[in-house]
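Have a look at upload_37.cif below; it lists mmCIF, C-alpha atoms (C1' of nucleotides).
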data_target
loop_
_atom_site.label_atom_id
_atom_site.label_comp_id
_atom_site.auth_asym_id
_atom_site.auth_seq_id
_atom_site.Cartn_x
_atom_site.Cartn_y
_atom_site.Cartn_z
CA MET A 1381 -2.42 0.81 24.50
CA LYS A 1382 -3.32 -2.80 24.87
CA LEU A 1383 -2.98 -5.16 21.95
CA SER A 1384 -6.40 -5.84 20.40
CA THR A 1385 -7.90 -9.32 20.24
CA ARG A 1386 -7.67 -8.90 16.50
CA SER A 1387 -3.88 -9.17 16.45
CA ARG A 1388 -3.68 -11.57 19.37
CA TYR A 1389 -6.21 -13.97 17.90
CA GLY A 1390 -4.73 -13.42 14.45
CA THR A 1391 -1.32 -14.47 15.68
CA ARG A 1392 -2.74 -17.58 17.30
CA LEU A 1393 -4.59 -18.36 14.10
CA MET A 1394 -1.36 -18.06 12.11
CA LEU A 1395 0.47 -20.18 14.66
CA ASP A 1396 -2.18 -22.85 14.24
CA LEU A 1397 -1.83 -22.75 10.46
CA ALA A 1398 1.95 -22.90 10.80
CA GLU A 1399 1.72 -25.99 12.98
CA HIS A 1400 -0.31 -27.72 10.27
CA TYR A 1401 1.58 -26.29 7.34
CA LEU A 1402 2.98 -29.61 6.15
CA ALA A 1403 -0.28 -31.45 6.71
CA GLY A 1404 -2.26 -29.26 4.32
CA PRO A 1405 -5.30 -26.97 4.67
CA VAL A 1406 -6.93 -26.52 8.06
CA HIS A 1407 -10.61 -25.76 8.63
CA LEU A 1408 -11.31 -22.59 10.52
CA SER A 1409 -13.71 -24.65 12.60
CA SER A 1410 -10.79 -26.72 13.80
CA VAL A 1411 -8.76 -23.61 14.61
CA ALA A 1412 -11.82 -22.26 16.39
CA ARG A 1413 -12.02 -25.40 18.50
CA ASP A 1414 -8.29 -25.52 19.28
CA GLN A 1415 -7.99 -21.86 20.10
CA GLY A 1416 -11.36 -21.18 21.68
CA ILE A 1417 -12.28 -18.42 19.22
CA SER A 1418 -15.54 -18.23 17.25
CA VAL A 1419 -15.42 -19.28 13.61
CA LYS A 1420 -17.20 -16.10 12.58
CA TYR A 1421 -14.62 -13.92 14.20
CA LEU A 1422 -11.78 -15.90 12.68
CA GLU A 1423 -13.36 -15.52 9.25
CA GLN A 1424 -13.27 -11.80 9.75
CA ILE A 1425 -9.68 -11.72 10.95
CA ILE A 1426 -8.37 -13.91 8.18
CA ILE A 1427 -9.54 -11.57 5.40
CA PRO A 1428 -6.65 -9.07 5.61
CA LEU A 1429 -4.21 -11.96 6.00
CA LYS A 1430 -5.44 -13.38 2.71
CA LYS A 1431 -5.44 -10.04 0.95
CA ALA A 1432 -1.83 -9.53 2.01
CA ASN A 1433 -1.01 -12.99 0.70
CA TYR A 1434 0.02 -14.64 3.92
CA VAL A 1435 -2.76 -17.19 3.69
CA LYS A 1436 -4.59 -18.88 0.86
CA SER A 1437 -7.85 -20.76 0.95
CA VAL A 1438 -8.92 -24.02 -0.64
CA ARG A 1439 -12.64 -24.37 -1.28
CA GLY A 1440 -14.90 -27.34 -1.33
CA PRO A 1441 -14.76 -30.57 0.71
CA LYS A 1442 -11.34 -31.18 2.25
CA GLY A 1443 -10.72 -27.47 1.87
CA GLY A 1444 -9.59 -24.96 4.42
CA HIS A 1445 -6.83 -22.43 4.92
CA ILE A 1446 -3.11 -22.80 4.56
CA LEU A 1447 -0.13 -20.47 4.80
CA ALA A 1448 0.79 -19.02 1.41
CA LYS A 1449 4.49 -19.36 2.27
CA PRO A 1450 6.63 -21.29 4.72
CA PRO A 1451 6.49 -20.35 8.43
CA GLU A 1452 10.16 -19.31 8.24
CA GLU A 1453 9.24 -16.50 5.90
CA ILE A 1454 6.52 -14.87 7.98
CA THR A 1455 7.37 -12.74 11.00
CA ILE A 1456 5.13 -11.87 13.91
CA GLY A 1457 5.86 -8.21 13.25
CA GLU A 1458 4.28 -8.46 9.81
CA ILE A 1459 1.17 -10.08 11.22
CA VAL A 1460 0.74 -7.56 14.00
CA ALA A 1461 1.42 -4.57 11.74
CA LEU A 1462 -1.22 -5.87 9.36
CA LEU A 1463 -3.88 -6.51 11.97
CA GLU A 1464 -3.23 -3.42 14.04
CA ASP A 1465 -3.08 -0.27 12.02
CA GLY A 1466 0.54 -0.41 10.77
CA ALA A 1467 3.80 -0.65 12.69
CA ARG A 1468 3.16 2.42 14.80
CA LEU A 1469 1.75 3.67 18.06
CA THR A 1470 0.27 6.96 16.86
CA GLU A 1471 -1.36 8.24 13.71
CA CYS A 1472 1.19 11.02 13.39
CA ALA A 1473 4.09 8.57 13.13
CA ASP A 1474 3.98 8.23 9.35
CA ASN A 1475 1.48 10.96 8.69
CA PRO A 1476 2.62 14.23 10.32
CA LEU A 1477 -0.01 16.26 8.49
CA ILE A 1478 -2.85 15.00 10.63
CA CYS A 1479 -1.60 17.10 13.54
CA GLU A 1480 -0.66 20.75 13.28
CA ARG A 1481 1.80 20.38 16.15
CA SER A 1482 3.93 17.86 14.29
CA PRO A 1483 6.57 20.35 13.14
CA VAL A 1484 7.35 21.39 16.71
CA CYS A 1485 6.36 18.24 18.56
CA ALA A 1486 9.19 16.68 20.54
CA THR A 1487 7.05 13.78 21.71
CA ARG A 1488 6.23 12.61 18.20
CA TYR A 1489 9.70 11.11 17.85
CA LEU A 1490 9.33 9.29 21.14
CA TRP A 1491 6.39 7.35 19.86
CA ARG A 1492 8.17 6.54 16.65
CA GLU A 1493 11.19 5.22 18.50
CA ALA A 1494 9.08 3.18 20.89
CA ALA A 1495 7.12 1.63 18.03
CA GLN A 1496 10.34 0.89 16.19
CA ALA A 1497 11.84 -0.88 19.19
CA MET A 1498 8.74 -2.96 19.62
CA PHE A 1499 8.32 -3.94 15.99
CA GLU A 1500 12.00 -4.69 15.54
CA LYS A 1501 11.59 -7.25 18.28
CA LEU A 1502 8.48 -8.76 16.71
CA GLU A 1503 10.04 -8.80 13.26
CA SER A 1504 12.93 -10.83 14.61
CA ILE A 1505 10.59 -13.71 15.43
CA THR A 1506 9.10 -15.89 12.70
CA LEU A 1507 6.15 -18.24 12.79
CA ALA A 1508 8.63 -21.11 12.63
CA ASP A 1509 10.29 -19.82 15.81
CA LEU A 1510 6.91 -19.61 17.44
CA VAL A 1511 6.06 -23.19 16.48
CA CYS A 1512 9.28 -24.30 18.19
CA ARG A 1513 8.43 -22.38 21.31
CA ALA A 1514 4.94 -23.80 21.39
CA LYS A 1515 6.34 -27.29 21.11
CA ALA A 1516 8.70 -26.62 24.00
CA GLU A 1517 5.82 -25.29 26.09
CA ALA A 1518 3.73 -28.36 25.40
CA ASP A 1519 6.57 -30.67 26.44
CA LYS A 1520 7.11 -28.79 29.68
CA GLU A 1521 3.45 -28.90 30.62
CA PRO A 1522 2.04 -32.35 29.81
CA ASP A 1523 -1.72 -32.85 29.90
CA HIS A 1524 -1.51 -35.84 32.20
CA VAL A 1525 0.64 -36.00 35.31
CA MET B 1385 -2.89 -0.72 19.99
CA LYS B 1386 -2.59 3.00 19.67
CA LEU B 1387 -1.25 5.08 22.51
CA SER B 1388 -4.13 6.82 24.33
CA THR B 1389 -4.38 10.58 24.58
CA ARG B 1390 -4.00 10.02 28.30
CA SER B 1391 -0.34 9.08 28.02
CA ARG B 1392 0.37 11.33 25.06
CA TYR B 1393 -1.14 14.40 26.72
CA GLY B 1394 0.36 13.36 30.03
CA THR B 1395 3.81 13.28 28.51
CA ARG B 1396 3.34 16.71 27.00
CA LEU B 1397 2.11 17.97 30.35
CA MET B 1398 5.22 16.62 32.03
CA LEU B 1399 7.42 18.12 29.33
CA ASP B 1400 5.80 21.47 29.96
CA LEU B 1401 6.41 21.19 33.71
CA ALA B 1402 9.99 20.14 33.03
CA GLU B 1403 10.58 23.19 30.85
CA HIS B 1404 9.44 25.43 33.70
CA TYR B 1405 11.02 23.41 36.48
CA LEU B 1406 13.49 26.09 37.53
CA ALA B 1407 10.95 28.89 37.24
CA GLY B 1408 8.57 27.38 39.81
CA PRO B 1409 4.97 26.18 39.75
CA VAL B 1410 2.99 26.35 36.52
CA HIS B 1411 -0.78 26.78 36.29
CA LEU B 1412 -2.61 24.05 34.48
CA SER B 1413 -4.38 26.81 32.60
CA SER B 1414 -1.07 27.87 31.12
CA VAL B 1415 -0.21 24.28 30.18
CA ALA B 1416 -3.66 24.02 28.64
CA ARG B 1417 -3.03 27.11 26.54
CA ASP B 1418 0.47 26.05 25.45
CA GLN B 1419 -0.48 22.49 24.62
CA GLY B 1420 -4.00 22.95 23.34
CA ILE B 1421 -5.55 20.59 25.88
CA SER B 1422 -8.53 21.41 28.12
CA VAL B 1423 -7.79 22.29 31.75
CA LYS B 1424 -10.39 19.82 32.95
CA TYR B 1425 -8.80 16.95 31.13
CA LEU B 1426 -5.34 17.91 32.38
CA GLU B 1427 -6.68 17.97 35.93
CA GLN B 1428 -7.82 14.41 35.46
CA ILE B 1429 -4.57 13.24 33.96
CA ILE B 1430 -2.39 14.86 36.60
CA ILE B 1431 -4.00 12.96 39.48
CA PRO B 1432 -2.08 9.67 39.04
CA LEU B 1433 1.10 11.63 38.41
CA LYS B 1434 0.69 13.30 41.78
CA LYS B 1435 -0.23 10.10 43.59
CA ALA B 1436 2.91 8.48 42.22
CA ASN B 1437 4.90 11.49 43.41
CA TYR B 1438 6.14 12.77 40.11
CA VAL B 1439 4.35 16.08 40.55
CA LYS B 1440 3.41 18.20 43.52
CA SER B 1441 0.95 21.02 43.72
CA VAL B 1442 1.11 24.38 45.41
CA ARG B 1443 -2.25 25.79 46.37
CA GLY B 1444 -3.49 29.32 46.64
CA PRO B 1445 -2.53 32.41 44.67
CA LYS B 1446 0.73 32.02 42.72
CA GLY B 1447 0.25 28.30 43.04
CA GLY B 1448 0.32 25.63 40.40
CA HIS B 1449 2.06 22.36 39.68
CA ILE B 1450 5.72 21.53 39.69
CA LEU B 1451 7.78 18.37 39.21
CA ALA B 1452 8.49 16.63 42.50
CA LYS B 1453 12.00 15.79 41.33
CA PRO B 1454 14.45 17.01 38.68
CA PRO B 1455 13.68 16.23 35.02
CA GLU B 1456 16.82 14.09 34.88
CA GLU B 1457 15.25 11.67 37.34
CA ILE B 1458 12.00 11.01 35.51
CA THR B 1459 11.86 8.78 32.46
CA ILE B 1460 9.23 8.73 29.76
CA GLY B 1461 8.81 5.02 30.40
CA GLU B 1462 7.69 5.69 33.95
CA ILE B 1463 5.15 8.24 32.80
CA VAL B 1464 3.70 6.04 30.09
CA ALA B 1465 3.58 2.96 32.31
CA LEU B 1466 1.70 4.98 34.90
CA LEU B 1467 -0.84 6.49 32.51
CA GLU B 1468 -1.39 3.38 30.45
CA ASP B 1469 -2.08 0.31 32.49
CA GLY B 1470 1.47 -0.72 33.41
CA ALA B 1471 4.48 -1.49 31.23
CA ARG B 1472 2.73 -4.15 29.22
CA LEU B 1473 0.68 -4.84 26.11
CA THR B 1474 -1.67 -7.50 27.48
CA GLU B 1475 -3.35 -8.23 30.78
CA CYS B 1476 -1.80 -11.68 30.93
CA ALA B 1477 1.74 -10.28 30.89
CA ASP B 1478 2.07 -9.98 34.67
CA ASN B 1479 -1.10 -11.77 35.58
CA PRO B 1480 -1.21 -15.20 33.93
CA LEU B 1481 -4.19 -16.30 36.00
CA ILE B 1482 -6.66 -14.20 34.08
CA CYS B 1483 -6.39 -16.54 31.12
CA GLU B 1484 -6.64 -20.29 31.36
CA ARG B 1485 -4.45 -20.70 28.30
CA SER B 1486 -1.45 -19.01 29.92
CA PRO B 1487 0.34 -22.22 30.88
CA VAL B 1488 0.45 -23.41 27.29
CA CYS B 1489 0.34 -20.09 25.48
CA ALA B 1490 3.34 -19.51 23.25
CA THR B 1491 2.14 -16.08 22.19
CA ARG B 1492 2.03 -14.73 25.73
CA TYR B 1493 5.82 -14.41 25.78
CA LEU B 1494 5.78 -12.55 22.50
CA TRP B 1495 3.73 -9.78 23.99
CA ARG B 1496 5.94 -9.62 27.02
CA GLU B 1497 9.06 -9.32 24.91
CA ALA B 1498 7.52 -6.69 22.66
CA ALA B 1499 6.43 -4.64 25.67
CA GLN B 1500 9.84 -5.00 27.21
CA ALA B 1501 11.59 -3.75 24.06
CA MET B 1502 9.29 -0.80 23.89
CA PHE B 1503 9.53 0.22 27.52
CA GLU B 1504 13.28 -0.23 27.63
CA LYS B 1505 13.47 2.35 24.92
CA LEU B 1506 11.16 4.75 26.73
CA GLU B 1507 12.94 4.24 30.03
CA SER B 1508 16.20 5.26 28.43
CA ILE B 1509 14.84 8.75 27.77
CA THR B 1510 14.37 11.26 30.58
CA LEU B 1511 12.31 14.42 30.71
CA ALA B 1512 15.58 16.34 30.63
CA ASP B 1513 16.47 14.65 27.33
CA LEU B 1514 13.07 15.57 26.00
CA VAL B 1515 13.50 19.20 27.00
CA CYS B 1516 16.75 19.26 25.00
CA ARG B 1517 15.06 17.77 21.99
CA ALA B 1518 12.21 20.22 22.21
CA LYS B 1519 14.68 23.10 22.32
CA ALA B 1520 16.45 21.77 19.24
CA GLU B 1521 13.11 21.45 17.44
CA ALA B 1522 12.18 25.01 18.27
CA ASP B 1523 15.50 26.33 16.95
CA LYS B 1524 15.12 24.45 13.70
CA GLU B 1525 11.62 25.75 13.10
CA PRO B 1526 11.49 29.45 13.99
CA ASP B 1527 8.10 31.15 14.24
CA HIS B 1528 9.07 33.98 11.96
CA VAL B 1529 10.89 33.57 8.66
"C1'" DG C 1142 -10.19 36.40 59.35
"C1'" DC C 1143 -11.53 37.21 54.57
"C1'" DT C 1144 -11.26 36.19 49.87
"C1'" DA C 1145 -9.54 35.43 45.39
"C1'" DT C 1146 -6.96 32.05 43.32
"C1'" DA C 1147 -5.95 27.83 42.75
"C1'" DC C 1148 -6.24 22.78 43.14
"C1'" DT C 1149 -9.50 18.34 44.12
"C1'" DA C 1150 -13.01 14.93 43.68
"C1'" DT C 1151 -16.64 12.84 41.60
"C1'" DA C 1152 -20.25 12.25 38.41
"C1'" DC C 1153 -21.92 12.48 33.98
"C1'" DT C 1154 -22.08 12.51 28.81
"C1'" DT C 1155 -20.75 11.50 24.31
"C1'" DA C 1156 -18.35 9.31 20.72
"C1'" DA C 1157 -15.60 5.87 18.92
"C1'" DA C 1158 -13.56 1.51 18.69
"C1'" DT C 1159 -13.71 -3.38 19.80
"C1'" DA C 1160 -15.56 -7.60 19.70
"C1'" DA C 1161 -18.56 -10.44 18.18
"C1'" DT C 1162 -22.78 -12.48 15.82
"C1'" DA C 1163 -26.03 -13.18 12.08
"C1'" DT C 1164 -27.63 -13.72 7.47
"C1'" DA C 1165 -27.29 -14.66 2.87
"C1'" DG C 1166 -24.55 -16.10 -0.77
"C1'" DA C 1167 -20.68 -17.84 -3.84
"C1'" DT C 1168 -17.39 -21.80 -5.02
"C1'" DC C 1169 -15.90 -25.97 -6.16
"C1'" DA C 1170 -14.12 -31.07 -5.21
"C1'" DA C 1171 -15.98 -35.28 -5.39
"C1'" DT D 1006 -25.48 -31.72 -8.14
"C1'" DT D 1007 -24.69 -31.60 -3.57
"C1'" DG D 1008 -22.96 -30.28 0.53
"C1'" DA D 1009 -18.82 -28.76 2.79
"C1'" DT D 1010 -16.51 -24.83 2.77
"C1'" DC D 1011 -15.16 -20.17 2.20
"C1'" DT D 1012 -16.93 -14.96 1.38
"C1'" DA D 1013 -19.17 -10.61 2.01
"C1'" DT D 1014 -21.80 -7.48 4.34
"C1'" DA D 1015 -24.73 -5.84 7.94
"C1'" DT D 1016 -25.97 -5.50 12.59
"C1'" DT D 1017 -25.54 -5.43 17.53
"C1'" DA D 1018 -23.59 -5.22 22.12
"C1'" DT D 1019 -20.01 -3.96 25.02
"C1'" DT D 1020 -16.25 -1.49 26.51
"C1'" DT D 1021 -13.11 2.18 26.59
"C1'" DA D 1022 -11.62 6.71 25.63
"C1'" DA D 1023 -12.28 11.38 25.81
"C1'" DG D 1024 -14.08 15.21 27.46
"C1'" DT D 1025 -17.34 18.25 30.30
"C1'" DA D 1026 -19.78 19.85 34.35
"C1'" DT D 1027 -20.61 20.61 39.12
"C1'" DA D 1028 -19.58 21.25 43.61
"C1'" DG D 1029 -16.44 21.52 46.37
"C1'" DT D 1030 -11.57 22.19 49.56
"C1'" DA D 1031 -7.24 24.50 50.73
"C1'" DT D 1032 -4.30 28.40 51.35
"C1'" DA D 1033 -1.31 32.63 50.38
"C1'" DG D 1034 -1.54 37.11 51.05
"C1'" DC D 1035 -3.83 41.13 52.32
#

Would you put the structure from the file into structure tokens?
Amino acid sequence: MKLSTRSRYGTRLMLDLAEHYLAGPVHLSSVARDQGISVKYLEQIIIPLKKANYVKSVRGPKGGHILAKPPEEITIGEIVALLEDGARLTECADNPLICERSPVCATRYLWREAAQAMFEKLESITLADLVCRAKAEADKEPDHV
Amino acid sequence: MKLSTRSRYGTRLMLDLAEHYLAGPVHLSSVARDQGISVKYLEQIIIPLKKANYVKSVRGPKGGHILAKPPEEITIGEIVALLEDGARLTECADNPLICERSPVCATRYLWREAAQAMFEKLESITLADLVCRAKAEADKEPDHV
DNA sequence: GCTATACTATACTTAAATAATATAGATCAA
DNA sequence: TTGATCTATATTATTTAAGTATAGTATAGC
């Protein structure tokens, strides 16, 4: 039940785009450098984010990727739900038919409640919040002492 | 980020033991039958539960497994944390040293908060609560119409 | 003490998902 | 029209999950 690199890297990618939102499109190669993730893998992760209209791309020289809406309007919960397989911890959560025990399964509700608690938390935090936090982190821990 | 069968089956195993708590030890073979899980796999899952003293075993004829303490004193959160790899969603949550980015990583806290929200929920529910729920489920959905 | 019944420990196998890389191609601003 | 950039698809390697098999060890009760 660990978070996959897909949603962890995806969140860092979105954070990076959020930090550069006002400055315009960012190359994935620059995100790759900053975040220590391969360009190829980022290209793969960004696809669903574009399809879901969180990110748009600008082609040609001076192109790159940019958030499709302001960082205030995108929550971490949305990103994680998109990159993991929905806002849930089990298949049966929204699709009881996949398991014949669903009608009498007391544990099924547990997993729904746990997922709900977790995603409510993540949905309460926006990319803009995260940018603030990152800034605070950077101030606390300067590169040079 | 799906829950593994390990913690899902483990929870159902514990629920089964809780339901029979007053009646004495239960054979894993009977749990296996009731829950539709192989005995061999249950034997594997029960090991950490015994080591952590949630379950004790009675050997010999008429033996089996029984909760080491009343269902009221065991929470689902404890079970899941034991069978998954701790009450967390990422390695870095309690062990920042495994990732060099930890000191400047704004996302690390996200995953800690999400895990906390989730496990707080699960820790608020005991096996006794789950037994009640299961009973209510069974009443709602009778075998024969 | 014997023995059937049960739990215990470890090793192995298979299948699936994750994580990443590679190749070839399509777009479009300048 | 060129070259920087994004796009799509295929492939591979690694890890983890899930389950099975084998060979035990312990003990209650006769």

Return as an MDAnalysis selection string the residues belonging to chain C that are within 7 Å of chain A, counting only C-alpha atoms (C1' of nucleotides).
chainID C and resid 1161 1168:1170

Using all atoms listed in the file, which chain A residues lie at most 10 Å away from chain B, written as a tab-separated table (two decimals) with C-alpha atoms, in the frame of the given file?
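Produced file selection.tsv, reproduced below:
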chain	number	residue	atom	x	y	z
A	1381	MET	CA	-2.42	0.81	24.50
A	1382	LYS	CA	-3.32	-2.80	24.87
A	1383	LEU	CA	-2.98	-5.16	21.95
A	1384	SER	CA	-6.40	-5.84	20.40
A	1385	THR	CA	-7.90	-9.32	20.24
A	1387	SER	CA	-3.88	-9.17	16.45
A	1388	ARG	CA	-3.68	-11.57	19.37
A	1389	TYR	CA	-6.21	-13.97	17.90
A	1391	THR	CA	-1.32	-14.47	15.68
A	1392	ARG	CA	-2.74	-17.58	17.30
A	1395	LEU	CA	0.47	-20.18	14.66
A	1415	GLN	CA	-7.99	-21.86	20.10
A	1416	GLY	CA	-11.36	-21.18	21.68
A	1456	ILE	CA	5.13	-11.87	13.91
A	1457	GLY	CA	5.86	-8.21	13.25
A	1460	VAL	CA	0.74	-7.56	14.00
A	1463	LEU	CA	-3.88	-6.51	11.97
A	1464	GLU	CA	-3.23	-3.42	14.04
A	1465	ASP	CA	-3.08	-0.27	12.02
A	1466	GLY	CA	0.54	-0.41	10.77
A	1467	ALA	CA	3.80	-0.65	12.69
A	1468	ARG	CA	3.16	2.42	14.80
A	1469	LEU	CA	1.75	3.67	18.06
A	1470	THR	CA	0.27	6.96	16.86
A	1471	GLU	CA	-1.36	8.24	13.71
A	1481	ARG	CA	1.80	20.38	16.15
A	1483	PRO	CA	6.57	20.35	13.14
A	1484	VAL	CA	7.35	21.39	16.71
A	1485	CYS	CA	6.36	18.24	18.56
A	1486	ALA	CA	9.19	16.68	20.54
A	1487	THR	CA	7.05	13.78	21.71
A	1488	ARG	CA	6.23	12.61	18.20
A	1489	TYR	CA	9.70	11.11	17.85
A	1490	LEU	CA	9.33	9.29	21.14
A	1491	TRP	CA	6.39	7.35	19.86
A	1493	GLU	CA	11.19	5.22	18.50
A	1494	ALA	CA	9.08	3.18	20.89
A	1495	ALA	CA	7.12	1.63	18.03
A	1496	GLN	CA	10.34	0.89	16.19
A	1497	ALA	CA	11.84	-0.88	19.19
A	1498	MET	CA	8.74	-2.96	19.62
A	1499	PHE	CA	8.32	-3.94	15.99
A	1500	GLU	CA	12.00	-4.69	15.54
A	1501	LYS	CA	11.59	-7.25	18.28
A	1502	LEU	CA	8.48	-8.76	16.71
A	1503	GLU	CA	10.04	-8.80	13.26
A	1505	ILE	CA	10.59	-13.71	15.43
A	1510	LEU	CA	6.91	-19.61	17.44
A	1511	VAL	CA	6.06	-23.19	16.48
A	1512	CYS	CA	9.28	-24.30	18.19
A	1513	ARG	CA	8.43	-22.38	21.31
A	1514	ALA	CA	4.94	-23.80	21.39
A	1515	LYS	CA	6.34	-27.29	21.11
A	1516	ALA	CA	8.70	-26.62	24.00
A	1517	GLU	CA	5.82	-25.29	26.09
A	1518	ALA	CA	3.73	-28.36	25.40
A	1519	ASP	CA	6.57	-30.67	26.44
A	1520	LYS	CA	7.11	-28.79	29.68
A	1521	GLU	CA	3.45	-28.90	30.62
A	1522	PRO	CA	2.04	-32.35	29.81

One-decimal distance in Å that lies between atom CA of Ile1478 of chain A and atom C1' of DA1023 of chain D
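We find that atom C1' of DA1023 of chain D and atom CA of Ile1478 of chain A lie 18.2 Å from each other.
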
His1411 of chain B surroundings by only C-alpha atoms (C1' of nucleotides), 12 Å radius, close-in-sequence under 2 positions cut, as a PyMOL selection string
(chain B and resi 1397+1400-1401+1404+1407-1409+1413-1418+1423+1426-1427+1440-1450) or (chain C and resi 1146-1148)

With only C-alpha atoms (C1' of nucleotides) as the atoms that count, which of B:Ala1436, B:Ile1429, B:Leu1481, B:Leu1406 lies nearest to DG1024 of chain D?
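Result for the nearest residue to DG1024 of chain D: B:Ile1429.
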
Step by step: start from the point (13.2, -18.0, 13.3) in the file's coordinates, keep every protein, DNA or RNA residue that has an atom no farther than 6 Å from it, count only C-alpha atoms (C1' of nucleotides), and write the set as a list in words.
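Residues lying no farther than 6 Å from the given point: Ile1505, Thr1506, Ala1508 and Asp1509 of chain A.
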
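Once the PyMOL selection byres ((chain D) within 9 of (chain A)) is applied to the shown structure, the selection contains DG1008, DA1009, DT1010, DC1011 and DT1012 of chain D.
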
Using only C-alpha atoms, find the one residue out of A:Leu1429, A:Leu1507, A:Val1406, A:Leu1447 that sits nearest to Ala1461 of chain A.
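Closest to Ala1461 of chain A of all the choices is A:Leu1429.
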
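Separating atom C1' of DT1021 of chain D from atom CA of Thr1459 of chain B is a distance of 26.5 Å.
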
Could you check how far atom C1' of DA1031 of chain D sits from atom C1' of DA1152 of chain C, in Å to one decimal?
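Going from atom C1' of DA1031 of chain D over to atom C1' of DA1152 of chain C covers 21.7 Å.
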
Check what the PyMOL selection byres ((chain C and resi 1154) around 10) selects in the file above and give those residues as a list of chain:residue names.
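Going through the file, the PyMOL selection byres ((chain C and resi 1154) around 10) ends up selecting C:DA1152, C:DC1153, C:DT1155, C:DA1156, D:DG1024, D:DT1025, D:DA1026.
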